[in-house]
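**Student:** One structure follows; several queries about it will come next.
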Amino acid sequence: MLWPDLAVVALLAGLSVLLFRDSLDNGLYIGNPDRLNSNLKILKFYVDGLAQGHLDAWSAFEMMGYDSFTLPYTFPSLFTLIVYLGRASRPYIIAGYDVIALLGLAGIAAYAFLRAEIKLVFPALIGAVMYEFSALSVLKVGQNDLSFAVFIFIPVIMLAIRSISRQTLVRSFVALSLLIFLLLHFTFLQKAAYALILAGCYALYRSWSQRDWRIAVLVCAAGLVGLIGALPRLYGIAVALKQHSRVVVGMNFDNFADIYRFQAIFPSQMLRWFDVSIFGRFPSEALSTPDNPLNLTEGFLLYTSSLVPFFVIFGLFAYGGRPFRLLHTRRNDASFFFWFLCFTFSVIAIPWMLQLVWLLFMRMDFTHARILIVGLLPISMVIGALLADMAPQGVTARRSILAHAAIALCLAILLVGGIELIAGAFAGSIFVPFVSSELRVLDSALVRIVLSAVVVGLVMLAMNPRYSTWLGLTRFALLRRPGLNNVLYLTIGLAIGLHTFLSANFDVNGAHTHTPPPFRDGNNHYSTKDNFRPPAPDAIAALNHRLENDEYRAALLCDPKIAGGFCAGHVPGFWRLRVVDGYYGLGVPTRLASLPWKAGLSLRTISFTKPGELDWPILSLLNVKYAAKIPESLYRNNSAQVGEPWKPADPSDVEIIPNPLPVTPRYFFARHVAPVTNVTEAAAKLVQNDKVLVDVTETSLVEGAPSQADYADGKVLSATGNGDHIRLEVTPSDSERFLVANELYFPGWSALVDGKTAFVYPTNAVMRGVVVPAGTTTVELVYTPVVRRPLSFLVYGMALLLLVAGALFFGRSKRFARP
């Protein structure tokens with residue numbers, strides 16, 4: 001690596017630090033509310049476990065429990081260990097520094113690939129800046145670490161594919177196998193699948209363009225090894241998908257029309273490529289604009305600069321000195337990336353293309369606009385290739401280069417500053433009837449788009465002799481000077497890079513990110529480090545004691561002004577509360593969702609904001625004794641007023657509402673067992689018309705019930721442990737008994753009765769039941785995640801053997817070594 005490359009690496013890392021500069025002082029960047037409700041809560045769960053000497057998969061804090069290892073975007077990783085080793089008492093702050101590192105690594109990885117493709121430093125740098133600071137990158141780095149890690153893997157995998165040659169077969173195979181394994185085992189599975197689509201298409205293209213079949217064969221072999229190695233995790237996620245439902249009243253998610261209407265990502269979203277703020281600069285502004293109920297955290301997010309779309313459009317006519325040459329050139333693989341970019345655009349713009357992707361993903365109702373994650377490197381590559389085509393030929397004196405760069409930097413600052421200053425003078429919004437009679441766009445965005453088109457058009461016109469001749473501008477000798485062309489080339493590149501960074505800076509550091517309450521209408525959030533400071537053990541113990549947390553669950557009443565009325569994804573793990581509500585990325589457990597909730601149930605959440613929403617009959621069945629009103633001070637663990645030093649939240653400030661109905665215990669012995677065929681039948685027999693029909697402590701409904709119907713009574717003396725292992729001490733009896741744990745039934749739970757294996761039955765729709773033989777004094781409930789089962793270790797070993805065998809094959813095969 002030469003010194004210019006080292007300088008670029010330092011610059012990209014430095015820009016990431018500059019973007020999150022507040023974090024280095026007293027700032028705490030949490031980002032999107034999804035980050036707090038998913039990534040950070042799971043991170044804290046793992047860090048707390050490591051501090052106690054173990055790493056559990058099962059979290060019992062929300063929705064009766066879930067397997068955290070089966071979340072498709074969160075898994076114990078190097079980041080978990082870094083946060084734990086950093087400072088376990090302040091995990092959110094350490095995780096904030098991870099954000100800086102991840103964003104910088106994404107830019108550096110993109111630069112490495114673009115540099116190999118384009119060869120020139122400056123175009124590769126601008127492409128890397130776009131990749132690192134796009135609207136998509138900034139949003140996703142503010143959501144989830146392992147989800148964002150896909151941004152790092154994509155260019156590294158592409159670089160590994162590009163580097164395949166007869167001399168590098170072994171190391172390319174090993175590198176790709178490990179990269180694909182890590183991609184599938186640790187990152188967000190949906191985005192990993194998109195990444196593999198891009199990598200597979202690129203491998204086929206390289207095989208064709210290089211006339212070398214070995215490239216495609218090697219990538220397929222590496223993909224197979226990586227896939228086999230990741231099978232335990234993939235299977236675990238598949239099991240969890242079957243155990244969770246994603247239901248919205250009035251929607252059938254097996255019907256594409258309902259999917260399309262629900263996700264509301266229509267072709268009009270393409271306007272956000274020209275200016276991401278066209279419908280609103282941030283979520284709360286878009287929501288406050290009449291008739292714009294847009295979810296700005298999804299949709300078309302490939303925005304970097306308003307100059308970029310016009311640079312692509314005009315560049316199509318100028319690249320290589322011939323119109324549309326970019327569409328079929330083999331130089332720099334640019335044509336492949338252009339057409340792949342068109343494919344990702346089409347998923348947003350053409351409904352039947354989105355439907356094809358939906359079918360490819362087996363009708364899973366993911367938001368497939370996320371496929372744009374694999375459009376980001378292509379757009380960066382296309383811009384880099386267009387800039388490289390404009391680069392001056394021949395050798396330029398060092399003194400002239402420095403002078404041109406200085407002039408170009410000044411011009412770029414003036415251009416970008418001028419565009420933003422003029423656009424900022426327009427504060428209104430107008431209808432766009434040609435798209436939708438109800439859609440409004442911001443005047444400032446329209447002005448920015450028009451000015452960007454004019455600037456790019458003039459630059460391209462001045463630099464292209466052919467179009468200057470057509471327009472009769474050849475008499476202007478200034479247009480044919482190499483020095484001017486060099487200045488314009490640097491100016492347009494610097495303007496794109498500067499505009500991209502300024503847009504990212506607004507997303508991260510704009511006033512809306514500091515405006516209370518936290519995450520107002522979905523905004524990103526920046527706060528002081530005193531906010532979201534994990535509560536002290538004594539405060540946790542005090543709140544747990546008030547809610548009788550060891551014996552009962554609670555339901556949370558969230559303030560509608562705080563995070564859209566959703567606190568149940570963060571507060572339970574923050575305060576170690578066992579609650580019935582919560583948030584889980586795959587959806588609500590199917591067994592829990594089968595109960596006839598009158599309110600609170602949503603696509604991936606159970607959440608309550610009003611006392612009248614509390615479904616006391618169901619809550620009483622699910623061991624909920626209290627509902628707790630969560631004040632903002634508890635949500636942040638900071639009761640200090642603005643300008644005051646940090647003051648921890650007082651658990652006694654929480655208003656508690658007792659359940660007016662008798663509450664089903666956490667553990668009990670049922671006297672009778674009645675068979676049911678499935679969870680639907682059990683739910684129908686348990687609760688109807690806001691009334692619990694069966695006293696489950698007397699008669700429990702069991703799927704696949706044992707032949708015996710009547711059992712002896714008994715008492716649970718103590719329950720210890722949590723997470724993956726719970727130990728119950730019970731009174732001995734001369735007769736068999738049926739023990740019921742009012743915890744979520746889920747595949748992977750097993751029982752040890754005085755050390756002997758016992759079957760766990762689905763009981764009362766959501767609970768676990770175990771037959772306890774006579775004389776039993778201890779019952780242990782043990783959860784074993786898929787990745788820790790013996791068969792999984794066998795699969796890991798098989799993948800390792802295949803890796804070694806493949807390396808030997810590619811290293812010794814004369815057929816592959818043949819030119």
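Each chain of the structure tokens is named A, B, ... in the order shown, its residues numbered from 1; ligands are numbered from 1 in display order.
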Give me, as a tab-separated table, each residue of segment 534-588 of chain A that comes within 12 Å of segment 600-623 of chain A, together with its shortest interatomic pair and the distance in Å at one decimal, counting only C-alpha atoms, with rows ordered by chain and rising residue number.
**Tutor:**
```
residue	atom	partner	partner_atom	distance
A:Leu547	CA	A:Asn623	CA	11.8
A:Glu548	CA	A:Asn623	CA	11.1
A:Asn549	CA	A:Asn623	CA	10.5
A:Asp550	CA	A:Asn623	CA	11.0
A:Glu551	CA	A:Asn623	CA	8.3
A:Tyr552	CA	A:Asn623	CA	5.4
A:Arg553	CA	A:Asn623	CA	5.5
A:Ala554	CA	A:Asn623	CA	8.0
A:Ala555	CA	A:Phe608	CA	7.9
A:Leu556	CA	A:Phe608	CA	6.6
A:Leu557	CA	A:Thr609	CA	4.9
A:Cys558	CA	A:Thr609	CA	4.9
A:Asp559	CA	A:Thr609	CA	6.1
A:Pro560	CA	A:Thr609	CA	6.1
A:Lys561	CA	A:Thr609	CA	9.8
A:Ile562	CA	A:Thr609	CA	10.2
A:Ala563	CA	A:Thr609	CA	11.4
A:Gly564	CA	A:Thr609	CA	9.5
A:Gly565	CA	A:Thr609	CA	6.0
A:Phe566	CA	A:Ser607	CA	6.4
A:Cys567	CA	A:Ser607	CA	8.0
A:Ala568	CA	A:Ser607	CA	6.5
A:Gly569	CA	A:Thr605	CA	8.3
A:His570	CA	A:Ser607	CA	11.7
A:Val571	CA	A:Ser607	CA	11.9
A:Arg578	CA	A:Asn623	CA	10.0
A:Val579	CA	A:Asn623	CA	9.4
A:Val580	CA	A:Leu622	CA	7.5
A:Asp581	CA	A:Ile606	CA	4.6
A:Gly582	CA	A:Ile606	CA	5.4
A:Tyr583	CA	A:Thr605	CA	4.5
A:Tyr584	CA	A:Arg604	CA	5.7
A:Gly585	CA	A:Arg604	CA	6.2
A:Leu586	CA	A:Arg604	CA	6.6
A:Gly587	CA	A:Arg604	CA	3.8
A:Val588	CA	A:Arg604	CA	5.2
```
**Student:** Keeping only N, CA, C and O atoms, write the selected residues as a short mmCIF file (atom, residue, chain, number, x, y, z; two decimals), in the first residue's frame.
**Tutor:**
```cif
data_model
loop_
_atom_site.label_atom_id
_atom_site.label_comp_id
_atom_site.auth_asym_id
_atom_site.auth_seq_id
_atom_site.Cartn_x
_atom_site.Cartn_y
_atom_site.Cartn_z
N LEU A 547 -42.59 -5.11 42.20
CA LEU A 547 -43.38 -5.84 41.21
C LEU A 547 -43.39 -7.35 41.47
O LEU A 547 -43.97 -8.09 40.68
N GLU A 548 -42.75 -7.77 42.57
CA GLU A 548 -42.65 -9.20 42.91
C GLU A 548 -42.17 -9.99 41.68
O GLU A 548 -42.77 -10.98 41.25
N ASN A 549 -41.06 -9.53 41.15
CA ASN A 549 -40.58 -9.98 39.85
C ASN A 549 -40.23 -11.47 39.80
O ASN A 549 -40.37 -12.10 38.76
N ASP A 550 -39.78 -12.05 40.91
CA ASP A 550 -39.41 -13.47 40.90
C ASP A 550 -40.62 -14.38 40.81
O ASP A 550 -40.51 -15.52 40.33
N GLU A 551 -41.77 -13.90 41.26
CA GLU A 551 -42.96 -14.75 41.29
C GLU A 551 -43.98 -14.40 40.22
O GLU A 551 -44.78 -15.26 39.82
N TYR A 552 -43.96 -13.14 39.75
CA TYR A 552 -44.99 -12.71 38.81
C TYR A 552 -44.38 -11.90 37.66
O TYR A 552 -43.30 -11.32 37.78
N ARG A 553 -45.13 -11.85 36.57
CA ARG A 553 -44.79 -10.95 35.48
C ARG A 553 -45.47 -9.60 35.71
O ARG A 553 -46.36 -9.46 36.54
N ALA A 554 -45.05 -8.64 34.88
CA ALA A 554 -45.71 -7.34 34.89
C ALA A 554 -46.08 -6.98 33.46
O ALA A 554 -45.60 -7.58 32.49
N ALA A 555 -46.95 -6.00 33.30
CA ALA A 555 -47.25 -5.38 32.01
C ALA A 555 -46.85 -3.92 32.14
O ALA A 555 -46.99 -3.32 33.21
N LEU A 556 -46.33 -3.34 31.08
CA LEU A 556 -45.86 -1.97 31.12
C LEU A 556 -46.83 -1.05 30.40
O LEU A 556 -47.30 -1.37 29.31
N LEU A 557 -47.12 0.08 31.02
CA LEU A 557 -47.88 1.15 30.37
C LEU A 557 -46.88 2.22 29.95
O LEU A 557 -46.28 2.89 30.78
N CYS A 558 -46.67 2.35 28.65
CA CYS A 558 -45.65 3.25 28.12
C CYS A 558 -46.26 4.60 27.77
O CYS A 558 -47.35 4.67 27.21
N ASP A 559 -45.54 5.64 28.09
CA ASP A 559 -45.98 7.00 27.77
C ASP A 559 -46.00 7.18 26.25
O ASP A 559 -44.98 6.97 25.59
N PRO A 560 -47.14 7.57 25.65
CA PRO A 560 -47.21 7.73 24.19
C PRO A 560 -46.21 8.75 23.65
O PRO A 560 -45.86 8.71 22.47
N LYS A 561 -45.75 9.66 24.52
CA LYS A 561 -44.80 10.68 24.06
C LYS A 561 -43.37 10.16 24.00
O LYS A 561 -42.49 10.84 23.48
N ILE A 562 -43.14 8.97 24.56
CA ILE A 562 -41.78 8.43 24.60
C ILE A 562 -41.66 7.32 23.57
O ILE A 562 -42.33 6.29 23.66
N ALA A 563 -40.84 7.55 22.57
CA ALA A 563 -40.56 6.53 21.56
C ALA A 563 -41.84 5.98 20.95
O ALA A 563 -41.98 4.78 20.73
N GLY A 564 -42.78 6.87 20.67
CA GLY A 564 -44.02 6.44 20.06
C GLY A 564 -44.86 5.55 20.94
O GLY A 564 -45.67 4.76 20.46
N GLY A 565 -44.69 5.66 22.25
CA GLY A 565 -45.46 4.84 23.17
C GLY A 565 -44.93 3.44 23.31
O GLY A 565 -45.62 2.54 23.81
N PHE A 566 -43.68 3.23 22.87
CA PHE A 566 -43.12 1.88 22.96
C PHE A 566 -41.88 1.91 23.84
O PHE A 566 -40.84 2.45 23.46
N CYS A 567 -42.00 1.35 25.03
CA CYS A 567 -40.86 1.25 25.94
C CYS A 567 -40.56 -0.18 26.31
O CYS A 567 -39.55 -0.47 26.94
N ALA A 568 -41.43 -1.11 25.87
CA ALA A 568 -41.32 -2.49 26.32
C ALA A 568 -40.20 -3.25 25.65
O ALA A 568 -39.92 -4.39 26.02
N GLY A 569 -39.55 -2.67 24.65
CA GLY A 569 -38.39 -3.32 24.06
C GLY A 569 -37.10 -3.00 24.79
O GLY A 569 -36.09 -3.67 24.60
N HIS A 570 -37.14 -1.97 25.62
CA HIS A 570 -35.92 -1.49 26.28
C HIS A 570 -35.97 -1.64 27.79
O HIS A 570 -35.02 -2.14 28.40
N VAL A 571 -37.06 -1.22 28.40
CA VAL A 571 -37.14 -1.19 29.86
C VAL A 571 -36.97 -2.56 30.51
O VAL A 571 -36.26 -2.68 31.52
N ARG A 578 -39.45 -9.15 34.27
CA ARG A 578 -40.17 -10.17 33.51
C ARG A 578 -41.52 -9.58 33.14
O ARG A 578 -42.38 -9.40 33.99
N VAL A 579 -41.70 -9.27 31.84
CA VAL A 579 -42.94 -8.64 31.40
C VAL A 579 -43.58 -9.47 30.30
O VAL A 579 -42.92 -10.28 29.64
N VAL A 580 -44.88 -9.24 30.11
CA VAL A 580 -45.60 -9.97 29.08
C VAL A 580 -45.50 -9.28 27.73
O VAL A 580 -45.69 -9.90 26.68
N ASP A 581 -45.22 -7.99 27.73
CA ASP A 581 -45.11 -7.25 26.48
C ASP A 581 -43.66 -7.24 26.02
O ASP A 581 -42.78 -7.79 26.68
N GLY A 582 -43.39 -6.58 24.88
CA GLY A 582 -42.02 -6.52 24.41
C GLY A 582 -41.93 -6.44 22.90
O GLY A 582 -42.91 -6.21 22.19
N TYR A 583 -40.70 -6.64 22.42
CA TYR A 583 -40.39 -6.53 20.98
C TYR A 583 -39.45 -7.65 20.59
O TYR A 583 -38.46 -7.92 21.28
N TYR A 584 -39.77 -8.31 19.50
CA TYR A 584 -38.89 -9.36 18.98
C TYR A 584 -38.90 -9.28 17.47
O TYR A 584 -39.96 -9.19 16.84
N GLY A 585 -37.71 -9.29 16.86
CA GLY A 585 -37.59 -9.01 15.44
C GLY A 585 -38.34 -9.97 14.54
O GLY A 585 -38.80 -9.58 13.45
N LEU A 586 -38.49 -11.23 14.92
CA LEU A 586 -39.17 -12.21 14.08
C LEU A 586 -40.69 -12.11 14.19
O LEU A 586 -41.41 -12.66 13.37
N GLY A 587 -41.17 -11.46 15.21
CA GLY A 587 -42.61 -11.36 15.43
C GLY A 587 -42.96 -11.71 16.86
O GLY A 587 -42.11 -11.86 17.72
N VAL A 588 -44.24 -11.86 17.11
CA VAL A 588 -44.73 -12.27 18.42
C VAL A 588 -44.80 -13.79 18.45
O VAL A 588 -45.19 -14.41 17.46
#
```
**Student:** If you count only C-alpha atoms, which residues fall within 12 Å of Lys140 of chain A, apart from same-chain ones fewer than 2 positions away, as a PDB file with N, CA and C atoms, in the first residue's frame?
**Tutor:**
```pdb
ATOM      1  N   ILE A  30     -27.374   6.966  20.242  1.00  0.00           N
ATOM      2  CA  ILE A  30     -28.105   5.712  20.266  1.00  0.00           C
ATOM      3  C   ILE A  30     -28.652   5.409  18.880  1.00  0.00           C
ATOM      4  N   GLY A  31     -28.930   6.445  18.113  1.00  0.00           N
ATOM      5  CA  GLY A  31     -29.397   6.225  16.754  1.00  0.00           C
ATOM      6  C   GLY A  31     -30.881   5.966  16.710  1.00  0.00           C
ATOM      7  N   ASN A  32     -31.270   5.029  15.878  1.00  0.00           N
ATOM      8  CA  ASN A  32     -32.665   4.695  15.678  1.00  0.00           C
ATOM      9  C   ASN A  32     -33.222   3.954  16.892  1.00  0.00           C
ATOM     10  N   PRO A  33     -34.525   4.103  17.196  1.00  0.00           N
ATOM     11  CA  PRO A  33     -35.080   3.360  18.345  1.00  0.00           C
ATOM     12  C   PRO A  33     -34.915   1.852  18.214  1.00  0.00           C
ATOM     13  N   ASP A  34     -34.798   1.345  16.984  1.00  0.00           N
ATOM     14  CA  ASP A  34     -34.556  -0.093  16.815  1.00  0.00           C
ATOM     15  C   ASP A  34     -33.251  -0.520  17.476  1.00  0.00           C
ATOM     16  N   ARG A  35     -32.275   0.370  17.494  1.00  0.00           N
ATOM     17  CA  ARG A  35     -30.988   0.028  18.092  1.00  0.00           C
ATOM     18  C   ARG A  35     -31.135  -0.208  19.592  1.00  0.00           C
ATOM     19  N   ASN A  39     -30.721  -4.250  19.275  1.00  0.00           N
ATOM     20  CA  ASN A  39     -29.281  -4.459  19.380  1.00  0.00           C
ATOM     21  C   ASN A  39     -28.763  -4.232  20.801  1.00  0.00           C
ATOM     22  N   TYR A  73     -30.384 -11.074  13.253  1.00  0.00           N
ATOM     23  CA  TYR A  73     -29.457  -9.950  13.130  1.00  0.00           C
ATOM     24  C   TYR A  73     -28.623  -9.722  14.391  1.00  0.00           C
ATOM     25  N   VAL A  99     -19.838   1.983  16.796  1.00  0.00           N
ATOM     26  CA  VAL A  99     -20.456   2.606  15.634  1.00  0.00           C
ATOM     27  C   VAL A  99     -19.409   3.351  14.809  1.00  0.00           C
ATOM     28  N   LEU A 102     -17.198   0.730  13.051  1.00  0.00           N
ATOM     29  CA  LEU A 102     -17.891   0.015  11.986  1.00  0.00           C
ATOM     30  C   LEU A 102     -18.048   0.875  10.741  1.00  0.00           C
ATOM     31  N   LEU A 103     -18.432   2.128  10.934  1.00  0.00           N
ATOM     32  CA  LEU A 103     -18.621   3.007   9.782  1.00  0.00           C
ATOM     33  C   LEU A 103     -17.299   3.239   9.066  1.00  0.00           C
ATOM     34  N   ALA A 106     -16.336   0.158   7.029  1.00  0.00           N
ATOM     35  CA  ALA A 106     -17.122   0.031   5.802  1.00  0.00           C
ATOM     36  C   ALA A 106     -16.527   0.891   4.700  1.00  0.00           C
ATOM     37  N   GLU A 132     -19.615   5.045   2.598  1.00  0.00           N
ATOM     38  CA  GLU A 132     -19.534   5.168   4.057  1.00  0.00           C
ATOM     39  C   GLU A 132     -20.595   6.078   4.634  1.00  0.00           C
ATOM     40  N   PHE A 133     -20.975   7.133   3.900  1.00  0.00           N
ATOM     41  CA  PHE A 133     -21.843   8.150   4.489  1.00  0.00           C
ATOM     42  C   PHE A 133     -23.174   8.305   3.765  1.00  0.00           C
ATOM     43  N   SER A 134     -23.594   7.294   3.035  1.00  0.00           N
ATOM     44  CA  SER A 134     -24.911   7.345   2.395  1.00  0.00           C
ATOM     45  C   SER A 134     -26.004   7.374   3.460  1.00  0.00           C
ATOM     46  N   ALA A 135     -27.205   7.757   3.051  1.00  0.00           N
ATOM     47  CA  ALA A 135     -28.336   7.751   3.984  1.00  0.00           C
ATOM     48  C   ALA A 135     -28.588   6.348   4.517  1.00  0.00           C
ATOM     49  N   LEU A 136     -28.389   5.340   3.660  1.00  0.00           N
ATOM     50  CA  LEU A 136     -28.584   3.950   4.069  1.00  0.00           C
ATOM     51  C   LEU A 136     -27.556   3.531   5.114  1.00  0.00           C
ATOM     52  N   SER A 137     -26.288   3.886   4.887  1.00  0.00           N
ATOM     53  CA  SER A 137     -25.223   3.513   5.826  1.00  0.00           C
ATOM     54  C   SER A 137     -25.450   4.139   7.192  1.00  0.00           C
ATOM     55  N   VAL A 138     -25.765   5.425   7.199  1.00  0.00           N
ATOM     56  CA  VAL A 138     -25.926   6.139   8.473  1.00  0.00           C
ATOM     57  C   VAL A 138     -27.132   5.606   9.237  1.00  0.00           C
ATOM     58  N   GLY A 142     -26.907   3.083  12.821  1.00  0.00           N
ATOM     59  CA  GLY A 142     -27.629   3.535  14.002  1.00  0.00           C
ATOM     60  C   GLY A 142     -28.714   2.568  14.427  1.00  0.00           C
ATOM     61  N   GLN A 143     -28.709   1.336  13.875  1.00  0.00           N
ATOM     62  CA  GLN A 143     -29.712   0.346  14.249  1.00  0.00           C
ATOM     63  C   GLN A 143     -29.095  -0.892  14.894  1.00  0.00           C
ATOM     64  N   ASN A 144     -28.172  -1.545  14.177  1.00  0.00           N
ATOM     65  CA  ASN A 144     -27.692  -2.830  14.670  1.00  0.00           C
ATOM     66  C   ASN A 144     -26.290  -3.101  14.157  1.00  0.00           C
ATOM     67  N   ASP A 145     -25.381  -3.469  15.066  1.00  0.00           N
ATOM     68  CA  ASP A 145     -23.980  -3.691  14.693  1.00  0.00           C
ATOM     69  C   ASP A 145     -23.811  -4.808  13.677  1.00  0.00           C
ATOM     70  N   LEU A 146     -24.389  -5.983  13.968  1.00  0.00           N
ATOM     71  CA  LEU A 146     -24.181  -7.119  13.088  1.00  0.00           C
ATOM     72  C   LEU A 146     -24.983  -6.994  11.801  1.00  0.00           C
ATOM     73  N   SER A 147     -26.060  -6.232  11.819  1.00  0.00           N
ATOM     74  CA  SER A 147     -26.771  -5.924  10.582  1.00  0.00           C
ATOM     75  C   SER A 147     -25.911  -5.023   9.709  1.00  0.00           C
ATOM     76  N   PHE A 148     -25.281  -4.034  10.308  1.00  0.00           N
ATOM     77  CA  PHE A 148     -24.431  -3.125   9.538  1.00  0.00           C
ATOM     78  C   PHE A 148     -23.165  -3.819   9.054  1.00  0.00           C
ATOM     79  N   ALA A 149     -22.719  -4.850   9.765  1.00  0.00           N
ATOM     80  CA  ALA A 149     -21.487  -5.535   9.374  1.00  0.00           C
ATOM     81  C   ALA A 149     -21.545  -6.053   7.940  1.00  0.00           C
ATOM     82  N   VAL A 150     -22.759  -6.274   7.405  1.00  0.00           N
ATOM     83  CA  VAL A 150     -22.892  -6.699   6.011  1.00  0.00           C
ATOM     84  C   VAL A 150     -22.262  -5.668   5.086  1.00  0.00           C
ATOM     85  N   PHE A 151     -22.336  -4.381   5.460  1.00  0.00           N
ATOM     86  CA  PHE A 151     -21.719  -3.320   4.651  1.00  0.00           C
ATOM     87  C   PHE A 151     -20.213  -3.536   4.531  1.00  0.00           C
ATOM     88  N   PHE A 188     -27.000 -10.093   9.698  1.00  0.00           N
ATOM     89  CA  PHE A 188     -28.437 -10.097   9.425  1.00  0.00           C
ATOM     90  C   PHE A 188     -28.691 -10.983   8.207  1.00  0.00           C
ATOM     91  N   LYS A 191     -30.076  -9.538   4.813  1.00  0.00           N
ATOM     92  CA  LYS A 191     -29.101  -8.742   4.054  1.00  0.00           C
ATOM     93  C   LYS A 191     -27.946  -9.604   3.571  1.00  0.00           C
ATOM     94  N   THR A 297     -37.484   5.292   7.548  1.00  0.00           N
ATOM     95  CA  THR A 297     -36.391   4.372   7.884  1.00  0.00           C
ATOM     96  C   THR A 297     -36.331   3.194   6.925  1.00  0.00           C
ATOM     97  N   GLU A 298     -37.212   3.154   5.947  1.00  0.00           N
ATOM     98  CA  GLU A 298     -37.151   2.131   4.901  1.00  0.00           C
ATOM     99  C   GLU A 298     -37.261   2.856   3.562  1.00  0.00           C
ATOM    100  N   LEU A 301     -33.161   4.533  -0.012  1.00  0.00           N
ATOM    101  CA  LEU A 301     -32.195   5.217   0.845  1.00  0.00           C
ATOM    102  C   LEU A 301     -30.783   5.231   0.251  1.00  0.00           C
ATOM    103  N   LEU A 302     -30.675   5.195  -1.079  1.00  0.00           N
ATOM    104  CA  LEU A 302     -29.345   5.243  -1.700  1.00  0.00           C
ATOM    105  C   LEU A 302     -28.864   6.675  -1.888  1.00  0.00           C
ATOM    106  N   ARG A 370     -34.905  -3.299   1.356  1.00  0.00           N
ATOM    107  CA  ARG A 370     -33.569  -3.414   1.941  1.00  0.00           C
ATOM    108  C   ARG A 370     -32.557  -4.001   0.963  1.00  0.00           C
ATOM    109  N   LEU A 372     -31.536  -2.670  -1.411  1.00  0.00           N
ATOM    110  CA  LEU A 372     -30.676  -1.560  -1.817  1.00  0.00           C
ATOM    111  C   LEU A 372     -29.323  -1.591  -1.115  1.00  0.00           C
ATOM    112  N   ILE A 373     -29.198  -2.438  -0.090  1.00  0.00           N
ATOM    113  CA  ILE A 373     -27.892  -2.570   0.546  1.00  0.00           C
ATOM    114  C   ILE A 373     -26.860  -3.078  -0.454  1.00  0.00           C
ATOM    115  N   ASP A 507     -28.001  14.057   9.491  1.00  0.00           N
ATOM    116  CA  ASP A 507     -28.727  12.906  10.030  1.00  0.00           C
ATOM    117  C   ASP A 507     -28.279  12.559  11.439  1.00  0.00           C
ATOM    118  N   VAL A 508     -26.977  12.707  11.704  1.00  0.00           N
ATOM    119  CA  VAL A 508     -26.425  12.287  12.995  1.00  0.00           C
ATOM    120  C   VAL A 508     -26.440  13.415  14.016  1.00  0.00           C
ATOM    121  N   ASN A 524     -33.769   9.704  14.915  1.00  0.00           N
ATOM    122  CA  ASN A 524     -32.529   9.297  15.574  1.00  0.00           C
ATOM    123  C   ASN A 524     -32.347  10.125  16.834  1.00  0.00           C
TER     124      ASN A 524
END
```
**Student:** Under the rule that only C-alpha atoms are counted, which of A:Ala124, A:Leu498, A:Val248, A:Ala334 is the nearest residue to Gly417 of chain A?
**Tutor:**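 Ranked by minimum distance to Gly417 of chain A, first place goes to A:Leu498.
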**Student:** So what do you get for atom CA of Arg206 of chain A versus atom CA of Phe181 of chain A, distance-wise?
**Tutor:** 22.0 Å
**Student:** Kindly give the distance, in Å, that separates atom CA of Val786 of chain A and atom CA of His368 of chain A, rounded to a single decimal.
**Tutor:**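 The value is 27.3 Å.
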**Student:** Do you have the atom CA of Cys201 of chain A-atom CA of Asp254 of chain A distance handy?
**Tutor:** 28.5 Å
**Student:** Residues near segment 389-394 of chain A, anyone? I mean within 7 Å using only C-alpha atoms, not counting same-chain ones fewer than 5 positions away, as a PyMOL selection string.
**Tutor:** chain A and resi 319-320+486+489
**Student:** Any chance you could export the current selection's C-alpha atoms as a CSV table (one decimal), in the first residue's frame?
**Tutor:**
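Heads up, here's the output in selection22.csv:
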```csv
chain,number,residue,atom,x,y,z
A,319,TYR,CA,-18.5,8.1,-20.5
A,320,GLY,CA,-15.8,6.9,-22.9
A,486,ASN,CA,-8.6,19.1,-14.1
A,489,TYR,CA,-12.9,17.0,-12.4
```
**Student:** How would you write, as a PyMOL selection string, the set of residues in segment 25-233 of chain A that DSSP gives as strand (DSSP E)?
**Tutor:** chain A and resi 27-31+58-59+66-67
**Student:** Taking only C-alpha atoms into account, name the residue in A:Cys220, A:Ala453, A:Ala203, A:Ala257 that is nearest to Val308 of chain A.
**Tutor:**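 Looking at the shortest contact to Val308 of chain A, the residue is A:Ala453.
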**Student:** Where in segment 580-679 of chain A does DSSP assign alpha helix (DSSP H), given as a PyMOL selection string?
**Tutor:** chain A and resi 590-593+616-621+632-636+679
**Student:** Calculated over only C-alpha atoms, which of the candidates A:Met767, A:Ile419, A:Ile278, A:Leu19 has the smallest distance to Leu442 of chain A?
**Tutor:** A:Ile278
**Student:** When distances are computed from only C-alpha atoms, which of A:Tyr194, A:Phe669, A:Tyr626, A:Phe809 shows the smallest separation from Val716 of chain A?
**Tutor:**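 Of A:Tyr194, A:Phe669, A:Tyr626, A:Phe809, the one nearest Val716 of chain A, counting only C-alpha atoms, is A:Phe669.
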**Student:** With distances taken over only C-alpha atoms, which of A:Ile94, A:Val787, A:Leu307, A:Ala593 is nearest to Ala412 of chain A?
**Tutor:**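 Using only C-alpha atoms, Ala412 of chain A sits closest to A:Leu307.
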